[in-house]
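Asks: Could you have a look at this structure, given as structure tokens, before my questions?
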Amino acid sequence: MKAVIFQFEVTEGDYEKNLNKVQSLFQEHALEEDSIVVLPEMWTSGYDLKNIEKLAFHNLGGVKEEMAELAAEYKVNIVAGSVPNIKESSDVLNTAFVVDKKGELVYEYSKIHLVPMLNEPEYLTGGGESADTFELLGNKAGLVICYDLRFPELFRDLALDDAKVVFVVAEWPAERTEHWLTLLKARAIENQCYIVGSNTFGTQPNGTTFAGNSIIINPFGEVLGQGSADQEEVVETNIDLDYIAQVREDIPIFKSRRRDMYKFL
Ligand SMILES: O=C(O)CCC(=O)C(=O)O
């Protein structure tokens with residue numbers, strides 16, 4: 001399995017420009033068949049929350065087709081970051097989705113923990129369903145969004161459901177870069193799975209600078225690839241899923257768990 005993160009600067013409020021950027025990254029970067037390409041959070045709009053209703057897709061219409069076309073053309077799977085999305089009501093969700101190399105939608109998830117520090121609760125609605133595992137290349141994977149990273153319960157659920165890789169798509173601010181890196185590593189070590197964290201960089205019109213540092217971490221907590229804080233980059237590495245069993249045998253935390261001793265789990 002090969003994970004390929006496209007770390008690029010998201011232009012606030014400009015879907016066409018962001019889509020062109022993604023398309024050009026696909027053109028410029030040689031991709032092996034079956035790779036998993038990963039995009040960041042809210043990459044079609046950035047945090048242009050005042051205009052978020054106008055920028056939102058309806059049931060992922062439009063952007064889903066664009067991603068399906070790219071997936072089929074390049075024969076890769078795409079963890080297509082997240083986008084503002086309206087489903088039944090007029091509420092705007094922050095929805096991440098995955099298409100496989102046939103262009104089929106295999107999973108979608110709307111962020112359940114809205115981030116107060118970026119005013120999300122004022123403009124967006126939290127998803128009504130928890131993150132679940134989905135199948136990618138014959139293995140189970142998980143997908144969560146940015147602030148979700150601060151909730152270890154969610155990752156534990158995914159790991160107990162046999163997620164071998166958890167994708168974290170983000171627009172994580174630079175002032176909390178240490179939290180981003182430390183929490184991603186902790187989630188990999190405590191769940192003994194691969195973590196693929198995709199982030200954007202650059203400064204938005206409201207002054208928020210994003211942290212870059214897209215990263216791929218193995219189940220032992222080692223960094224296999226990492227982007228810089230402020231440059232466009234492709235971060236990619238092979239993922240050896242057999243290594244998970246070895247780490248779990250050497251440090252058997254799943255066997256040592258004492259569920260009878262935990263009050264709230
Ligand atoms: O938790 C954080 O510090 C950042 C979260 C965030 O930026 C987001 O969820 O979009």
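Ligands are numbered from 1 in the order shown, residues from 1 within each chain, and chains are lettered A, B, ... in the order they appear in the structure tokens.
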Ligand 1: which residues are within 7 Å, counting only C-alpha atoms and all ligand atoms, as an NGL selection string?
Replies: :A and (114-115 or 118 or 145-148 or 150 or 170-173 or 176)
Asks: Write the selection just made, keeping N, CA and C atoms, as a CSV table (one decimal), in the first residue's frame?
Replies:
chain,number,residue,atom,x,y,z
A,114,LEU,N,-16.9,19.8,16.2
A,114,LEU,CA,-16.7,21.0,15.5
A,114,LEU,C,-15.7,21.9,16.3
A,115,VAL,N,-14.8,22.6,15.7
A,115,VAL,CA,-13.8,23.2,16.4
A,115,VAL,C,-14.1,24.7,16.8
A,118,LEU,N,-12.0,27.8,15.6
A,118,LEU,CA,-12.1,28.4,14.2
A,118,LEU,C,-13.6,28.7,13.9
A,145,ILE,N,-11.4,13.9,10.9
A,145,ILE,CA,-11.2,15.3,10.4
A,145,ILE,C,-10.6,16.2,11.6
A,146,CYS,N,-9.4,16.6,11.4
A,146,CYS,CA,-8.8,17.7,12.2
A,146,CYS,C,-9.0,17.6,13.7
A,147,TYR,N,-9.9,18.4,14.2
A,147,TYR,CA,-10.2,18.5,15.7
A,147,TYR,C,-10.5,17.1,16.3
A,148,ASP,N,-11.0,16.2,15.5
A,148,ASP,CA,-11.3,14.8,15.9
A,148,ASP,C,-10.1,14.2,16.5
A,150,ARG,N,-8.2,15.2,18.6
A,150,ARG,CA,-8.1,15.4,20.1
A,150,ARG,C,-8.9,14.4,20.9
A,170,ALA,N,-6.8,17.6,7.6
A,170,ALA,CA,-6.8,18.8,8.5
A,170,ALA,C,-6.5,20.1,7.8
A,171,GLU,N,-7.0,21.1,8.5
A,171,GLU,CA,-6.4,22.5,8.3
A,171,GLU,C,-6.0,22.9,9.7
A,172,TRP,N,-4.9,22.4,10.1
A,172,TRP,CA,-4.5,22.6,11.5
A,172,TRP,C,-3.6,23.8,11.6
A,173,PRO,N,-3.9,24.7,12.5
A,173,PRO,CA,-3.2,26.0,12.7
A,173,PRO,C,-1.7,25.8,13.2
A,176,ARG,N,-0.4,25.6,16.9
A,176,ARG,CA,-0.5,24.4,17.6
A,176,ARG,C,0.1,23.2,16.9
Asks: Identify, on the basis of only C-alpha atoms, every residue whose closest approach to Phe8 in chain A does not exceed 12 Å; exclude the query and any residue fewer than 5 positions from it along the same chain; express the result as number ranges by chain.
Replies: A: 17-25, 38-41, 43-44, 46, 170-171, 198-202, 210-214, 227-235
Asks: For the interface of range 94-202 of chain A with range 26-33 of chain A (cut-off 12 Å, counting only C-alpha atoms), please tabulate each contacting residue of range 94-202 of chain A alongside its nearest pair of atoms and their separation in Å to one decimal, rows sorted by chain and increasing number, as a Markdown table.
Replies:
| residue | atom | partner | partner_atom | distance |
| --- | --- | --- | --- | --- |
| A:Asp100 | CA | A:Glu33 | CA | 11.4 |
| A:Lys101 | CA | A:Glu33 | CA | 8.6 |
| A:Lys102 | CA | A:Glu33 | CA | 11.6 |
| A:Leu137 | CA | A:Glu33 | CA | 11.5 |
Asks: Just the residues within 8 Å of Val98 in chain A, please, counting only C-alpha atoms, with nothing from its chain fewer than 6 positions along; format it as a PDB file with N, CA and C atoms, in the first residue's frame.
Replies:
ATOM      1  N   ASN A  77      -6.710   5.428  -5.554  1.00  0.00           N
ATOM      2  CA  ASN A  77      -7.788   5.707  -4.604  1.00  0.00           C
ATOM      3  C   ASN A  77      -7.561   7.123  -4.075  1.00  0.00           C
ATOM      4  N   ILE A  78      -8.635   7.817  -3.758  1.00  0.00           N
ATOM      5  CA  ILE A  78      -8.462   9.184  -3.254  1.00  0.00           C
ATOM      6  C   ILE A  78      -9.222   9.362  -1.932  1.00  0.00           C
ATOM      7  N   VAL A  79      -8.468   9.676  -0.880  1.00  0.00           N
ATOM      8  CA  VAL A  79      -9.083  10.145   0.363  1.00  0.00           C
ATOM      9  C   VAL A  79      -9.203  11.647   0.151  1.00  0.00           C
ATOM     10  N   ALA A  80     -10.398  12.056  -0.267  1.00  0.00           N
ATOM     11  CA  ALA A  80     -10.553  13.378  -0.892  1.00  0.00           C
ATOM     12  C   ALA A  80     -10.706  14.510   0.107  1.00  0.00           C
ATOM     13  N   LEU A 105     -17.722   5.904  -4.889  1.00  0.00           N
ATOM     14  CA  LEU A 105     -17.673   6.468  -3.539  1.00  0.00           C
ATOM     15  C   LEU A 105     -17.684   5.311  -2.540  1.00  0.00           C
ATOM     16  N   VAL A 106     -16.623   5.160  -1.743  1.00  0.00           N
ATOM     17  CA  VAL A 106     -16.618   4.017  -0.820  1.00  0.00           C
ATOM     18  C   VAL A 106     -16.947   4.432   0.608  1.00  0.00           C
ATOM     19  N   TYR A 107     -16.833   5.735   0.914  1.00  0.00           N
ATOM     20  CA  TYR A 107     -17.088   6.137   2.297  1.00  0.00           C
ATOM     21  C   TYR A 107     -17.278   7.641   2.371  1.00  0.00           C
ATOM     22  N   GLU A 108     -18.153   8.078   3.267  1.00  0.00           N
ATOM     23  CA  GLU A 108     -18.192   9.497   3.602  1.00  0.00           C
ATOM     24  C   GLU A 108     -18.465   9.655   5.087  1.00  0.00           C
TER      25      GLU A 108
END
Asks: Rounded to one decimal place, report the CA of Leu136 in chain A-CA of Asp250 in chain A distance in Å.
Replies: 26.4 Å
Asks: Might you pull out every residue within 12 Å of Pro121 in chain A, with only C-alpha atoms counted and same-chain residues fewer than 4 positions away left off, and present them as number ranges by chain?
Replies: A: 49, 91-94, 111-117, 125-127
Asks: One number please: CA of Leu184 in chain A to CA of Val223 in chain A, in Å, one decimal.
Replies: 10.2 Å
Asks: Just the residues within 12 Å of Gly62 in chain A, please, counting only C-alpha atoms, with nothing from its chain fewer than 6 positions along; format it as a list in words.
Replies: Tyr15, Glu16, Leu19, Thr44, Leu55, Ala56, Ala68, Glu69, Val83 and Asn85 of chain A
Asks: Please determine, counting only C-alpha atoms, which residue among A:Lys50, A:Lys2, A:Arg258, A:Arg248 has the shortest atom-to-atom distance to Ile216 in chain A.
Replies: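 Residue with the minimum atom-to-atom distance to Ile216 in chain A: A:Lys2.
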Asks: Mind checking DSSP for range 23-185 of chain A and telling me the strand (DSSP E) residues as number ranges by chain?
Replies: A: 36-38, 57-58, 77-86, 92-99, 105-110, 134-136, 139-145, 165-169
Asks: Run DSSP on the backbone and tell me which residues of range 91-237 of chain A come out as alpha helix (DSSP H); list them as a PyMOL selection string.
Replies: chain A and resi 120-123+152-160+177-191
Asks: For Leu158 in chain A, find every residue with an atom within 9 Å (counting only C-alpha atoms), except residues of its own chain fewer than 5 positions away, and show them as a list in words.
Replies: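 Within the cut-off, the hits are Ala131, Asp132, Thr133, Ala141, Gly142, Leu143, Glu153, Ala163, Lys164, Val166 and Asn191 of chain A.
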Asks: With C-alpha atoms retained, write the just-selected residues as an mmCIF file, in the first residue's frame.
Replies:
data_model
loop_
_atom_site.group_PDB
_atom_site.id
_atom_site.type_symbol
_atom_site.label_atom_id
_atom_site.label_comp_id
_atom_site.auth_asym_id
_atom_site.auth_seq_id
_atom_site.Cartn_x
_atom_site.Cartn_y
_atom_site.Cartn_z
ATOM 1 C CA ALA A 131 -16.622 7.585 12.171
ATOM 2 C CA ASP A 132 -16.713 3.997 10.975
ATOM 3 C CA THR A 133 -14.213 1.761 9.245
ATOM 4 C CA ALA A 141 -9.218 1.936 7.248
ATOM 5 C CA GLY A 142 -10.571 4.935 9.173
ATOM 6 C CA LEU A 143 -10.974 8.611 8.316
ATOM 7 C CA GLU A 153 -11.924 7.395 21.945
ATOM 8 C CA ALA A 163 -8.578 -0.156 11.060
ATOM 9 C CA LYS A 164 -5.018 -0.650 9.887
ATOM 10 C CA VAL A 166 -6.373 6.049 9.996
ATOM 11 C CA ASN A 191 -3.467 2.118 18.636
#
Asks: Between CA of Ala3 in chain A and CA of Val37 in chain A, what is the spacing in Å?
Replies: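 Interatomic distance, CA of Val37 in chain A to CA of Ala3 in chain A: 6.2 Å.
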